[in-house]
Amino acid sequence: MEEAEFEKLVSEYINRRADKDEWMKLGFDEFQTMEINRGMDNGVNVLIYCNPEFNAASMKSLRLGLEEGIDVSPFATPEFDYMQMEEIKECLRSGIDIEDVCNPSYSNSVIREIRLARVNGYDVVHYAKLGYSGEVLRQIRLARKDDIDIDFFVRDNFDPFQLNEIRLGIKSCVDVSKFMLHEYTGEQMEQLRLGLENGVDIDVYNFTGFSSGQMKEIRLGLEAGIDVTPYADPFYDSVTMKEMREKEERGDSAEEPKLDDLQSQEILLGLMSGVDVSLYADARYSFHQMEAIRVRLERGEDASDLLIYANC
C-alpha cells in the first residue's frame with residue numbers, strides 16, 4: 001500500500017472510529033490500537049503517532065505528551081524509543097532547549113545526563129558528541145558538581161566504575177595515583193580507595209593479582225589491626241582469607257580441623273556455580289553435608305535447615 005493511500009485510510013478510520021479488528025487488519029496490534037483509541041477519547045491528534053512502526057510504549061509516551069500539551073513533533077519518529085521520548089519530555093518540562101538532546105543516537109541515559117547537568121548549570125554535550133556513554137557522563141556531571149576535574153581520566157578511557165572510584169578518591173583527598181591503573185577493576189579500586197581513606201598501608205594488597213574480594217579481606221584485617229601476613233597471599237581465595245581473618249580477630253589459638261580433598265572439591269564446585277560457599281566452607285561439615293547444601297543453593301532453595309555451624 002502506498003504511503004499516501006495508507007495515510008488516507010488512517011484518517012478515514014479515525015474519523016469514523018474504526019473498531020479494533022479494522023485497525024489490526026491495517027497492521028496495528030491490540031496494544032497499539034488501545035493507544036489510538038485512548039488518544040481519540042482524550043481529544044489528541046492521534047495522526048502524530050498512528051504508525052505501526054511505533055510500538056505501543058512509544059505511542060503511549062507520545063499520547064501522554066500530547067495530553068500534557070507538549071509539542072512532541074521533534075521526537076515523534078520511530079527512530080526514538082519510548083525511554084528517549086520520556087527523557088526529552090523531561091527536558092521540555094525543565095525548560096531546557098532540546099536541540100542538543102533530540103538525537104536518536106543518544107541513549108536515554110545520555111539524554112538524562114545532559115538534562116541533569118543543564119539543570120545544575122553546566123554542560124556535558126561536548127562529551128556526548130564524542131560518543132561517551134551515559135554512565136561516563138554521569139561521572140563527569142557528579143565531578144563537576146563537586147568542582148572536581150576528571151577530564152584527564154575520561155580521555156584516558158577509564159570505564160565508568162573506575163571513574164567513580166577515582167572521583168570519590170579525589171573528593172576524599174587521597175592519593176589516587178596509587179590505584180589509577182587500567183588493570184584494576186572499579187571494585188579493586190574501591191578497596192584500595194577505602195584503605196587509603198581509613199589510613200591503612202595499602203601496599204600490602206596493592207597488587208593486580210588480588211581480586212577485589214581478597215583485597216577486602218586484607219583491608220578489613222589491616223583496619224582491625226591484626227597481622228594479615230599469614231593470609232595476604234593471592235593463592236588463598238577470599239573465603240579462606242575471611243576465615244583466617246576472623247580467626248585472628250577472635251584470637252583463636254586452638255587448631256581447627258582442616259578441609260580434606262572431597263570437602264575442598266565441594267567448595268570449588270560451589271565457587272564455579274556462583275553460590276555463597278561461605279555458608280558451608282567449614283571443615284566441621286562432612287563432604288556429604290557440603291554436597292547437600294551446595295545442591296540446594298544451586299537450585300535457589302533454602303538450605304538454612306542444613307547450616308549447622310553457620311552461627312557458631
# chains A, B, ... in the order shown; residues from 1 in each chain; ligands from 1

call {"tool": "closest_atom_pairs", "arguments": {"of": "range 114-164 of chain A", "to": "range 86-105 of chain A", "cutoff": "9 Å", "atoms": "only C-alpha atoms", "output": "JSON lines"}}
result
{"residue": "A:Ile114", "atom": "CA", "partner": "A:Val101", "partner_atom": "CA", "distance": 7.4}
{"residue": "A:Arg115", "atom": "CA", "partner": "A:Cys91", "partner_atom": "CA", "distance": 6.0}
{"residue": "A:Leu116", "atom": "CA", "partner": "A:Cys91", "partner_atom": "CA", "distance": 8.9}
{"residue": "A:Arg118", "atom": "CA", "partner": "A:Ile96", "partner_atom": "CA", "distance": 7.5}
{"residue": "A:Val119", "atom": "CA", "partner": "A:Ser94", "partner_atom": "CA", "distance": 7.6}
{"residue": "A:Val125", "atom": "CA", "partner": "A:Asp100", "partner_atom": "CA", "distance": 7.1}

call {"tool": "residues_around", "arguments": {"residues": "Ile308 in chain A", "least_positions_apart": "2", "cutoff": "12 Å", "atoms": "only C-alpha atoms", "output": "ChimeraX atom specification"}}
result
/A:279-286,289-290,293,303-306,310-312

call {"tool": "write_last_selection", "arguments": {"atoms": "N, CA, C and O atoms", "output": "JSON list (two decimals), in the first residue's frame"}}
result
[["chain", "number", "residue", "atom", "x", "y", "z"],
["A", 279, "LEU", "N", 28.81, -20.13, 53.34],
["A", 279, "LEU", "CA", 27.80, -20.74, 54.19],
["A", 279, "LEU", "C", 28.18, -22.14, 54.67],
["A", 279, "LEU", "O", 27.72, -22.59, 55.71],
["A", 280, "TYR", "N", 29.00, -22.84, 53.83],
["A", 280, "TYR", "CA", 29.34, -24.21, 54.23],
["A", 280, "TYR", "C", 30.84, -24.51, 54.18],
["A", 280, "TYR", "O", 31.25, -25.67, 54.36],
["A", 281, "ALA", "N", 31.67, -23.48, 53.95],
["A", 281, "ALA", "CA", 33.12, -23.70, 53.89],
["A", 281, "ALA", "C", 33.69, -23.86, 55.29],
["A", 281, "ALA", "O", 34.40, -22.99, 55.81],
["A", 282, "ASP", "N", 33.34, -24.96, 55.93],
["A", 282, "ASP", "CA", 33.71, -25.23, 57.32],
["A", 282, "ASP", "C", 34.04, -26.72, 57.41],
["A", 282, "ASP", "O", 33.20, -27.57, 57.09],
["A", 283, "ALA", "N", 35.26, -27.02, 57.85],
["A", 283, "ALA", "CA", 35.71, -28.42, 57.89],
["A", 283, "ALA", "C", 34.87, -29.28, 58.82],
["A", 283, "ALA", "O", 34.94, -30.51, 58.78],
["A", 284, "ARG", "N", 34.04, -28.64, 59.67],
["A", 284, "ARG", "CA", 33.18, -29.42, 60.55],
["A", 284, "ARG", "C", 32.01, -30.06, 59.80],
["A", 284, "ARG", "O", 31.36, -30.96, 60.30],
["A", 285, "TYR", "N", 31.74, -29.57, 58.60],
["A", 285, "TYR", "CA", 30.75, -30.22, 57.75],
["A", 285, "TYR", "C", 31.40, -31.42, 57.06],
["A", 285, "TYR", "O", 32.53, -31.33, 56.59],
["A", 286, "SER", "N", 30.68, -32.52, 56.97],
["A", 286, "SER", "CA", 31.19, -33.65, 56.20],
["A", 286, "SER", "C", 31.06, -33.34, 54.71],
["A", 286, "SER", "O", 30.35, -32.41, 54.31],
["A", 289, "GLN", "N", 27.42, -33.50, 53.71],
["A", 289, "GLN", "CA", 26.66, -32.33, 54.15],
["A", 289, "GLN", "C", 26.92, -31.13, 53.23],
["A", 289, "GLN", "O", 26.00, -30.42, 52.84],
["A", 290, "MET", "N", 28.21, -30.93, 52.90],
["A", 290, "MET", "CA", 28.56, -29.85, 51.98],
["A", 290, "MET", "C", 27.86, -30.01, 50.64],
["A", 290, "MET", "O", 27.33, -29.05, 50.06],
["A", 293, "ILE", "N", 24.17, -29.09, 50.87],
["A", 293, "ILE", "CA", 23.98, -27.64, 50.95],
["A", 293, "ILE", "C", 24.22, -27.00, 49.59],
["A", 293, "ILE", "O", 23.44, -26.15, 49.13],
["A", 303, "ALA", "N", 18.58, -23.44, 52.34],
["A", 303, "ALA", "CA", 19.38, -24.51, 52.94],
["A", 303, "ALA", "C", 19.62, -24.25, 54.43],
["A", 303, "ALA", "O", 20.49, -24.86, 55.03],
["A", 304, "SER", "N", 18.82, -23.35, 55.00],
["A", 304, "SER", "CA", 19.07, -22.95, 56.39],
["A", 304, "SER", "C", 18.97, -24.10, 57.38],
["A", 304, "SER", "O", 19.66, -24.12, 58.39],
["A", 305, "ASP", "N", 18.11, -25.09, 57.06],
["A", 305, "ASP", "CA", 17.96, -26.21, 57.99],
["A", 305, "ASP", "C", 19.19, -27.11, 58.02],
["A", 305, "ASP", "O", 19.36, -27.92, 58.93],
["A", 306, "LEU", "N", 20.05, -26.96, 57.00],
["A", 306, "LEU", "CA", 21.27, -27.77, 56.94],
["A", 306, "LEU", "C", 22.49, -27.06, 57.51],
["A", 306, "LEU", "O", 23.53, -27.67, 57.69],
["A", 310, "ALA", "N", 26.55, -22.42, 60.96],
["A", 310, "ALA", "CA", 26.55, -21.07, 60.40],
["A", 310, "ALA", "C", 26.75, -20.00, 61.45],
["A", 310, "ALA", "O", 27.43, -19.00, 61.22],
["A", 311, "ASN", "N", 26.18, -20.18, 62.64],
["A", 311, "ASN", "CA", 26.28, -19.13, 63.67],
["A", 311, "ASN", "C", 27.17, -19.52, 64.84],
["A", 311, "ASN", "O", 27.09, -18.94, 65.93],
["A", 312, "CYS", "N", 28.00, -20.54, 64.64],
["A", 312, "CYS", "CA", 28.86, -20.98, 65.73],
["A", 312, "CYS", "C", 30.01, -20.01, 65.94],
["A", 312, "CYS", "O", 30.48, -19.42, 64.99]]

call {"tool": "closest_residue", "arguments": {"among": "A:Ala76, A:Ile140, A:Met34, A:Met40", "to": "Glu53 in chain A", "atoms": "only C-alpha atoms"}}
result
A:Ala76

call {"tool": "closest_residue", "arguments": {"among": "A:Lys129, A:Asn206, A:Gly134, A:Asn42", "to": "Ile111 in chain A", "atoms": "only C-alpha atoms"}}
result
A:Gly134

call {"tool": "select_by_dssp", "arguments": {"residues": "range 82-311 of chain A", "states": "alpha helix (DSSP H)", "output": "short mmCIF file (atom, residue, chain, number, x, y, z; two decimals) with N, CA and C atoms, in the first residue's frame"}}
result
data_model
loop_
_atom_site.label_atom_id
_atom_site.label_comp_id
_atom_site.auth_asym_id
_atom_site.auth_seq_id
_atom_site.Cartn_x
_atom_site.Cartn_y
_atom_site.Cartn_z
N TYR A 82 10.75 4.74 23.46
CA TYR A 82 9.92 5.45 24.45
C TYR A 82 10.75 6.01 25.59
N MET A 83 11.87 5.35 25.95
CA MET A 83 12.68 5.86 27.05
C MET A 83 13.37 7.17 26.65
N GLN A 84 13.81 7.25 25.40
CA GLN A 84 14.37 8.52 24.91
C GLN A 84 13.30 9.61 24.91
N MET A 85 12.10 9.24 24.45
CA MET A 85 10.99 10.19 24.43
C MET A 85 10.71 10.74 25.82
N GLU A 86 10.71 9.85 26.82
CA GLU A 86 10.43 10.29 28.19
C GLU A 86 11.47 11.27 28.68
N GLU A 87 12.73 11.03 28.36
CA GLU A 87 13.79 11.95 28.79
C GLU A 87 13.68 13.29 28.09
N ILE A 88 13.33 13.27 26.80
CA ILE A 88 13.18 14.54 26.07
C ILE A 88 12.01 15.34 26.65
N LYS A 89 10.95 14.64 27.01
CA LYS A 89 9.82 15.34 27.63
C LYS A 89 10.24 15.98 28.96
N GLU A 90 11.10 15.28 29.71
CA GLU A 90 11.60 15.86 30.96
C GLU A 90 12.41 17.13 30.70
N CYS A 91 13.16 17.13 29.60
CA CYS A 91 13.91 18.34 29.22
C CYS A 91 12.95 19.50 28.98
N LEU A 92 11.89 19.22 28.24
CA LEU A 92 10.92 20.26 27.93
C LEU A 92 10.24 20.76 29.20
N ARG A 93 9.93 19.86 30.11
CA ARG A 93 9.31 20.28 31.38
C ARG A 93 10.25 21.16 32.19
N ASN A 108 18.83 6.98 26.20
CA ASN A 108 18.06 7.73 27.21
C ASN A 108 18.95 8.17 28.37
N SER A 109 19.98 7.36 28.71
CA SER A 109 20.86 7.75 29.82
C SER A 109 21.73 8.95 29.46
N VAL A 110 22.13 9.03 28.20
CA VAL A 110 22.90 10.20 27.74
C VAL A 110 22.03 11.45 27.81
N ILE A 111 20.80 11.34 27.31
CA ILE A 111 19.88 12.48 27.35
C ILE A 111 19.62 12.90 28.79
N ARG A 112 19.45 11.93 29.68
CA ARG A 112 19.20 12.24 31.09
C ARG A 112 20.38 13.01 31.70
N GLU A 113 21.60 12.58 31.40
CA GLU A 113 22.77 13.25 31.98
C GLU A 113 22.94 14.66 31.43
N ILE A 114 22.65 14.85 30.16
CA ILE A 114 22.70 16.20 29.59
C ILE A 114 21.69 17.09 30.31
N ARG A 115 20.49 16.55 30.52
CA ARG A 115 19.44 17.30 31.21
C ARG A 115 19.84 17.65 32.64
N LEU A 116 20.30 16.66 33.40
CA LEU A 116 20.65 16.91 34.80
C LEU A 116 21.82 17.88 34.92
N ALA A 117 22.76 17.80 33.99
CA ALA A 117 23.88 18.74 34.01
C ALA A 117 23.39 20.17 33.74
N ARG A 118 22.51 20.29 32.75
CA ARG A 118 21.98 21.62 32.42
C ARG A 118 21.22 22.21 33.60
N VAL A 119 20.44 21.38 34.29
CA VAL A 119 19.68 21.86 35.45
C VAL A 119 20.63 22.43 36.50
N VAL A 125 27.35 18.21 26.86
CA VAL A 125 27.03 17.88 25.46
C VAL A 125 28.29 17.54 24.67
N HIS A 126 29.36 18.25 24.96
CA HIS A 126 30.62 18.00 24.25
C HIS A 126 31.02 16.53 24.36
N TYR A 127 30.89 15.97 25.53
CA TYR A 127 31.27 14.57 25.74
C TYR A 127 30.28 13.62 25.05
N ALA A 128 29.02 14.01 25.04
CA ALA A 128 28.02 13.19 24.35
C ALA A 128 28.33 13.14 22.85
N LYS A 129 28.73 14.25 22.31
CA LYS A 129 29.07 14.30 20.88
C LYS A 129 30.30 13.45 20.57
N GLY A 134 26.23 7.27 28.78
CA GLY A 134 25.55 7.98 29.84
C GLY A 134 26.21 7.75 31.18
N GLU A 135 26.77 6.55 31.39
CA GLU A 135 27.43 6.25 32.67
C GLU A 135 28.68 7.11 32.87
N VAL A 136 29.43 7.33 31.76
CA VAL A 136 30.61 8.20 31.85
C VAL A 136 30.16 9.65 32.07
N LEU A 137 29.13 10.07 31.35
CA LEU A 137 28.62 11.43 31.52
C LEU A 137 28.16 11.66 32.96
N ARG A 138 27.62 10.62 33.57
CA ARG A 138 27.17 10.76 34.96
C ARG A 138 28.35 11.06 35.87
N GLN A 139 29.48 10.37 35.65
CA GLN A 139 30.66 10.63 36.47
C GLN A 139 31.20 12.04 36.24
N ILE A 140 31.16 12.50 35.01
CA ILE A 140 31.60 13.88 34.72
C ILE A 140 30.69 14.87 35.42
N ARG A 141 29.38 14.62 35.35
CA ARG A 141 28.41 15.52 35.99
C ARG A 141 28.61 15.56 37.50
N LEU A 142 28.77 14.40 38.13
CA LEU A 142 28.96 14.36 39.58
C LEU A 142 30.27 15.01 39.99
N ALA A 143 31.29 14.86 39.14
CA ALA A 143 32.58 15.51 39.44
C ALA A 143 32.45 17.02 39.36
N ARG A 144 31.78 17.49 38.31
CA ARG A 144 31.59 18.95 38.17
C ARG A 144 30.82 19.52 39.36
N LYS A 145 29.85 18.73 39.85
CA LYS A 145 29.06 19.18 40.99
C LYS A 145 29.93 19.45 42.20
N ASP A 151 38.57 15.16 33.61
CA ASP A 151 38.71 15.11 32.15
C ASP A 151 39.87 14.23 31.71
N PHE A 152 40.99 14.32 32.41
CA PHE A 152 42.17 13.53 32.03
C PHE A 152 41.84 12.04 32.06
N PHE A 153 41.14 11.62 33.09
CA PHE A 153 40.83 10.21 33.25
C PHE A 153 39.78 9.75 32.23
N VAL A 154 38.87 10.66 31.88
CA VAL A 154 37.89 10.34 30.84
C VAL A 154 38.59 10.15 29.50
N ARG A 155 39.47 11.07 29.18
CA ARG A 155 40.21 10.97 27.90
C ARG A 155 41.11 9.75 27.88
N PRO A 160 33.36 3.64 33.50
CA PRO A 160 32.57 4.38 34.50
C PRO A 160 32.80 3.95 35.93
N PHE A 161 33.02 2.65 36.17
CA PHE A 161 33.25 2.16 37.53
C PHE A 161 34.60 2.64 38.07
N GLN A 162 35.60 2.67 37.18
CA GLN A 162 36.90 3.19 37.58
C GLN A 162 36.83 4.69 37.83
N LEU A 163 36.13 5.41 36.94
CA LEU A 163 35.98 6.85 37.10
C LEU A 163 35.28 7.19 38.42
N ASN A 164 34.32 6.37 38.78
CA ASN A 164 33.60 6.59 40.05
C ASN A 164 34.57 6.54 41.23
N GLU A 165 35.45 5.55 41.23
CA GLU A 165 36.39 5.41 42.34
C GLU A 165 37.44 6.51 42.34
N ILE A 166 37.91 6.89 41.16
CA ILE A 166 38.88 7.98 41.07
C ILE A 166 38.24 9.28 41.57
N ARG A 167 37.00 9.52 41.12
CA ARG A 167 36.29 10.73 41.56
C ARG A 167 36.11 10.75 43.08
N LEU A 168 35.68 9.64 43.65
CA LEU A 168 35.49 9.58 45.10
C LEU A 168 36.81 9.73 45.85
N GLY A 169 37.89 9.19 45.26
CA GLY A 169 39.20 9.33 45.87
C GLY A 169 39.67 10.77 45.89
N ILE A 170 39.47 11.47 44.77
CA ILE A 170 39.85 12.89 44.72
C ILE A 170 39.00 13.69 45.71
N LYS A 171 37.72 13.34 45.78
CA LYS A 171 36.82 14.05 46.70
C LYS A 171 37.26 13.89 48.14
N GLY A 186 36.95 -1.47 38.79
CA GLY A 186 36.39 -0.49 39.72
C GLY A 186 36.28 -1.06 41.12
N GLU A 187 35.94 -2.36 41.23
CA GLU A 187 35.80 -2.99 42.54
C GLU A 187 37.14 -3.07 43.27
N GLN A 188 38.22 -3.34 42.52
CA GLN A 188 39.54 -3.36 43.16
C GLN A 188 39.94 -1.95 43.60
N MET A 189 39.67 -0.98 42.72
CA MET A 189 39.96 0.41 43.07
C MET A 189 39.23 0.82 44.34
N GLU A 190 38.00 0.34 44.48
CA GLU A 190 37.22 0.70 45.67
C GLU A 190 37.92 0.24 46.94
N GLN A 191 38.44 -0.98 46.93
CA GLN A 191 39.10 -1.49 48.13
C GLN A 191 40.38 -0.71 48.43
N LEU A 192 41.08 -0.30 47.40
CA LEU A 192 42.29 0.50 47.61
C LEU A 192 41.93 1.89 48.11
N ARG A 193 40.88 2.47 47.53
CA ARG A 193 40.43 3.79 47.98
C ARG A 193 39.99 3.76 49.44
N LEU A 194 39.20 2.77 49.80
CA LEU A 194 38.73 2.66 51.18
C LEU A 194 39.89 2.48 52.15
N GLY A 195 40.89 1.72 51.72
CA GLY A 195 42.08 1.55 52.55
C GLY A 195 42.79 2.86 52.78
N LEU A 196 42.96 3.65 51.73
CA LEU A 196 43.60 4.96 51.87
C LEU A 196 42.78 5.88 52.75
N GLU A 197 41.47 5.86 52.57
CA GLU A 197 40.61 6.73 53.39
C GLU A 197 40.65 6.34 54.86
N SER A 212 39.10 -8.29 44.06
CA SER A 212 38.52 -7.29 44.96
C SER A 212 38.09 -7.93 46.28
N GLY A 213 37.60 -9.18 46.22
CA GLY A 213 37.21 -9.88 47.44
C GLY A 213 38.40 -10.15 48.35
N GLN A 214 39.53 -10.54 47.76
CA GLN A 214 40.74 -10.76 48.56
C GLN A 214 41.23 -9.44 49.15
N MET A 215 41.20 -8.39 48.33
CA MET A 215 41.61 -7.07 48.82
C MET A 215 40.77 -6.64 50.02
N LYS A 216 39.49 -6.91 49.93
CA LYS A 216 38.59 -6.52 51.03
C LYS A 216 38.99 -7.21 52.33
N GLU A 217 39.29 -8.50 52.26
CA GLU A 217 39.63 -9.23 53.48
C GLU A 217 40.95 -8.74 54.07
N ILE A 218 41.90 -8.41 53.22
CA ILE A 218 43.18 -7.88 53.71
C ILE A 218 42.96 -6.49 54.32
N ARG A 219 42.16 -5.67 53.62
CA ARG A 219 41.87 -4.32 54.15
C ARG A 219 41.19 -4.38 55.51
N LEU A 220 40.19 -5.25 55.62
CA LEU A 220 39.48 -5.37 56.90
C LEU A 220 40.42 -5.83 58.01
N GLY A 221 41.34 -6.72 57.67
CA GLY A 221 42.31 -7.16 58.65
C GLY A 221 43.23 -6.03 59.10
N LEU A 222 43.69 -5.25 58.14
CA LEU A 222 44.55 -4.12 58.46
C LEU A 222 43.81 -3.11 59.33
N GLU A 223 42.56 -2.86 59.00
CA GLU A 223 41.77 -1.90 59.77
C GLU A 223 41.51 -2.41 61.19
N ALA A 224 41.46 -3.74 61.33
CA ALA A 224 41.26 -4.33 62.67
C ALA A 224 42.55 -4.41 63.46
N SER A 238 39.12 -15.62 48.69
CA SER A 238 38.58 -14.66 49.64
C SER A 238 37.86 -15.34 50.79
N VAL A 239 37.24 -16.51 50.52
CA VAL A 239 36.54 -17.23 51.58
C VAL A 239 37.52 -17.71 52.65
N THR A 240 38.64 -18.29 52.19
CA THR A 240 39.67 -18.75 53.13
C THR A 240 40.26 -17.57 53.88
N MET A 241 40.50 -16.48 53.16
CA MET A 241 41.04 -15.28 53.82
C MET A 241 40.10 -14.79 54.92
N LYS A 242 38.81 -14.81 54.62
CA LYS A 242 37.84 -14.35 55.62
C LYS A 242 37.89 -15.21 56.87
N GLU A 243 37.98 -16.51 56.68
CA GLU A 243 38.07 -17.43 57.82
C GLU A 243 39.32 -17.15 58.65
N MET A 244 40.45 -16.95 57.97
CA MET A 244 41.71 -16.71 58.68
C MET A 244 41.67 -15.37 59.40
N ARG A 245 41.07 -14.36 58.74
CA ARG A 245 40.98 -13.05 59.37
C ARG A 245 40.10 -13.10 60.62
N GLU A 246 38.94 -13.72 60.50
CA GLU A 246 38.03 -13.79 61.63
C GLU A 246 38.63 -14.60 62.78
N LYS A 247 39.35 -15.64 62.44
CA LYS A 247 40.01 -16.44 63.49
C LYS A 247 41.04 -15.60 64.23
N GLU A 248 41.81 -14.82 63.47
CA GLU A 248 42.84 -13.97 64.09
C GLU A 248 42.18 -12.88 64.94
N GLU A 249 41.07 -12.33 64.46
CA GLU A 249 40.38 -11.29 65.21
C GLU A 249 39.80 -11.84 66.52
N ARG A 250 39.35 -13.10 66.47
CA ARG A 250 38.81 -13.73 67.68
C ARG A 250 39.92 -14.15 68.64
N ASP A 261 40.28 -33.41 50.76
CA ASP A 261 40.17 -33.21 49.32
C ASP A 261 38.72 -33.16 48.86
N LEU A 262 37.87 -34.02 49.40
CA LEU A 262 36.46 -34.05 48.99
C LEU A 262 35.73 -32.79 49.43
N GLN A 263 36.03 -32.29 50.64
CA GLN A 263 35.41 -31.06 51.11
C GLN A 263 35.87 -29.88 50.25
N SER A 264 37.17 -29.85 49.94
CA SER A 264 37.71 -28.78 49.09
C SER A 264 37.05 -28.80 47.72
N GLN A 265 36.79 -30.01 47.23
CA GLN A 265 36.15 -30.14 45.92
C GLN A 265 34.74 -29.54 45.95
N GLU A 266 34.01 -29.75 47.04
CA GLU A 266 32.66 -29.19 47.15
C GLU A 266 32.69 -27.66 47.18
N ILE A 267 33.68 -27.10 47.85
CA ILE A 267 33.82 -25.64 47.87
C ILE A 267 34.15 -25.12 46.48
N LEU A 268 35.04 -25.82 45.77
CA LEU A 268 35.40 -25.41 44.42
C LEU A 268 34.20 -25.48 43.49
N LEU A 269 33.40 -26.54 43.60
CA LEU A 269 32.20 -26.68 42.77
C LEU A 269 31.22 -25.55 43.05
N GLY A 270 31.11 -25.17 44.32
CA GLY A 270 30.24 -24.06 44.69
C GLY A 270 30.71 -22.75 44.10
N LEU A 271 32.03 -22.51 44.17
CA LEU A 271 32.59 -21.28 43.58
C LEU A 271 32.33 -21.23 42.08
N MET A 272 32.48 -22.38 41.42
CA MET A 272 32.28 -22.43 39.97
C MET A 272 30.83 -22.18 39.59
N SER A 273 29.89 -22.57 40.45
CA SER A 273 28.47 -22.37 40.13
C SER A 273 27.93 -21.05 40.69
N PHE A 287 31.74 -34.11 53.90
CA PHE A 287 31.65 -33.96 52.46
C PHE A 287 30.20 -34.07 51.99
N HIS A 288 29.45 -35.04 52.54
CA HIS A 288 28.06 -35.24 52.12
C HIS A 288 27.18 -34.06 52.53
N GLN A 289 27.42 -33.50 53.71
CA GLN A 289 26.66 -32.33 54.15
C GLN A 289 26.92 -31.13 53.23
N MET A 290 28.21 -30.93 52.90
CA MET A 290 28.56 -29.85 51.98
C MET A 290 27.86 -30.01 50.64
N GLU A 291 27.86 -31.23 50.14
CA GLU A 291 27.23 -31.51 48.85
C GLU A 291 25.74 -31.18 48.89
N ALA A 292 25.07 -31.60 49.97
CA ALA A 292 23.63 -31.34 50.10
C ALA A 292 23.33 -29.84 50.14
N ILE A 293 24.17 -29.09 50.87
CA ILE A 293 23.98 -27.64 50.95
C ILE A 293 24.22 -27.00 49.59
N ARG A 294 25.32 -27.40 48.92
CA ARG A 294 25.66 -26.83 47.61
C ARG A 294 24.53 -27.05 46.61
N VAL A 295 24.02 -28.27 46.55
CA VAL A 295 22.97 -28.59 45.59
C VAL A 295 21.73 -27.73 45.84
N ARG A 296 21.37 -27.57 47.12
CA ARG A 296 20.22 -26.72 47.46
C ARG A 296 20.44 -25.28 46.99
N LEU A 297 21.62 -24.75 47.27
CA LEU A 297 21.94 -23.37 46.90
C LEU A 297 21.92 -23.19 45.39
N GLU A 298 22.44 -24.16 44.65
CA GLU A 298 22.45 -24.08 43.19
C GLU A 298 21.04 -24.08 42.62
#

call {"tool": "closest_residue", "arguments": {"among": "A:Phe6, A:Glu12, A:Val44, A:His182", "to": "Gly27 in chain A", "atoms": "only C-alpha atoms"}}
result
A:Phe6

call {"tool": "atom_distance", "arguments": {"atom1": "CA of Leu62 in chain A", "atom2": "CA of Glu7 in chain A"}}
result
18.4 Å

call {"tool": "atom_distance", "arguments": {"atom1": "CA of Thr208 in chain A", "atom2": "CA of Ser133 in chain A"}}
result
26.4 Å

call {"tool": "atom_distance", "arguments": {"atom1": "CA of Thr185 in chain A", "atom2": "CA of Ser278 in chain A"}}
result
23.2 Å

call {"tool": "closest_residue", "arguments": {"among": "A:Trp23, A:Phe158, A:Phe28, A:Tyr122", "to": "Pro52 in chain A", "atoms": "only C-alpha atoms"}}
result
A:Phe28

call {"tool": "closest_residue", "arguments": {"among": "A:Val204, A:Phe75, A:Pro257, A:Asp41", "to": "Tyr231 in chain A", "atoms": "only C-alpha atoms"}}
result
A:Val204

call {"tool": "closest_residue", "arguments": {"among": "A:Phe210, A:Tyr49, A:Tyr106, A:Phe31", "to": "Val72 in chain A", "atoms": "only C-alpha atoms"}}
result
A:Tyr49

call {"tool": "decode", "arguments": {"residues": "range 90-103 of chain A", "atoms": "N, CA and C atoms", "output": "PDB file, in the first residue's frame"}}
result
ATOM      1  N   GLU A  90      11.102  15.284  29.710  1.00  0.00           N
ATOM      2  CA  GLU A  90      11.604  15.860  30.962  1.00  0.00           C
ATOM      3  C   GLU A  90      12.411  17.129  30.695  1.00  0.00           C
ATOM      4  N   CYS A  91      13.160  17.130  29.603  1.00  0.00           N
ATOM      5  CA  CYS A  91      13.912  18.336  29.224  1.00  0.00           C
ATOM      6  C   CYS A  91      12.949  19.497  28.978  1.00  0.00           C
ATOM      7  N   LEU A  92      11.891  19.216  28.236  1.00  0.00           N
ATOM      8  CA  LEU A  92      10.916  20.261  27.928  1.00  0.00           C
ATOM      9  C   LEU A  92      10.236  20.760  29.200  1.00  0.00           C
ATOM     10  N   ARG A  93       9.928  19.861  30.108  1.00  0.00           N
ATOM     11  CA  ARG A  93       9.306  20.278  31.379  1.00  0.00           C
ATOM     12  C   ARG A  93      10.248  21.162  32.189  1.00  0.00           C
ATOM     13  N   SER A  94      11.556  20.917  32.038  1.00  0.00           N
ATOM     14  CA  SER A  94      12.557  21.696  32.788  1.00  0.00           C
ATOM     15  C   SER A  94      12.941  22.982  32.074  1.00  0.00           C
ATOM     16  N   GLY A  95      12.322  23.222  30.920  1.00  0.00           N
ATOM     17  CA  GLY A  95      12.619  24.437  30.165  1.00  0.00           C
ATOM     18  C   GLY A  95      13.951  24.408  29.449  1.00  0.00           C
ATOM     19  N   ILE A  96      14.444  23.207  29.157  1.00  0.00           N
ATOM     20  CA  ILE A  96      15.738  23.057  28.504  1.00  0.00           C
ATOM     21  C   ILE A  96      15.551  22.951  27.000  1.00  0.00           C
ATOM     22  N   ASP A  97      16.382  23.651  26.256  1.00  0.00           N
ATOM     23  CA  ASP A  97      16.354  23.583  24.793  1.00  0.00           C
ATOM     24  C   ASP A  97      16.707  22.158  24.367  1.00  0.00           C
ATOM     25  N   ILE A  98      15.825  21.532  23.609  1.00  0.00           N
ATOM     26  CA  ILE A  98      16.041  20.124  23.257  1.00  0.00           C
ATOM     27  C   ILE A  98      16.861  19.929  21.985  1.00  0.00           C
ATOM     28  N   GLU A  99      17.328  21.008  21.403  1.00  0.00           N
ATOM     29  CA  GLU A  99      18.091  20.878  20.156  1.00  0.00           C
ATOM     30  C   GLU A  99      19.294  19.952  20.322  1.00  0.00           C
ATOM     31  N   ASP A 100      19.970  20.047  21.463  1.00  0.00           N
ATOM     32  CA  ASP A 100      21.175  19.238  21.676  1.00  0.00           C
ATOM     33  C   ASP A 100      20.876  17.803  22.106  1.00  0.00           C
ATOM     34  N   VAL A 101      19.665  17.542  22.564  1.00  0.00           N
ATOM     35  CA  VAL A 101      19.359  16.193  23.041  1.00  0.00           C
ATOM     36  C   VAL A 101      18.483  15.399  22.084  1.00  0.00           C
ATOM     37  N   CYS A 102      17.852  16.086  21.157  1.00  0.00           N
ATOM     38  CA  CYS A 102      16.926  15.416  20.241  1.00  0.00           C
ATOM     39  C   CYS A 102      17.727  14.712  19.146  1.00  0.00           C
ATOM     40  N   ASN A 103      18.413  13.660  19.555  1.00  0.00           N
ATOM     41  CA  ASN A 103      19.307  12.932  18.656  1.00  0.00           C
ATOM     42  C   ASN A 103      19.091  11.438  18.879  1.00  0.00           C
TER      43      ASN A 103
END
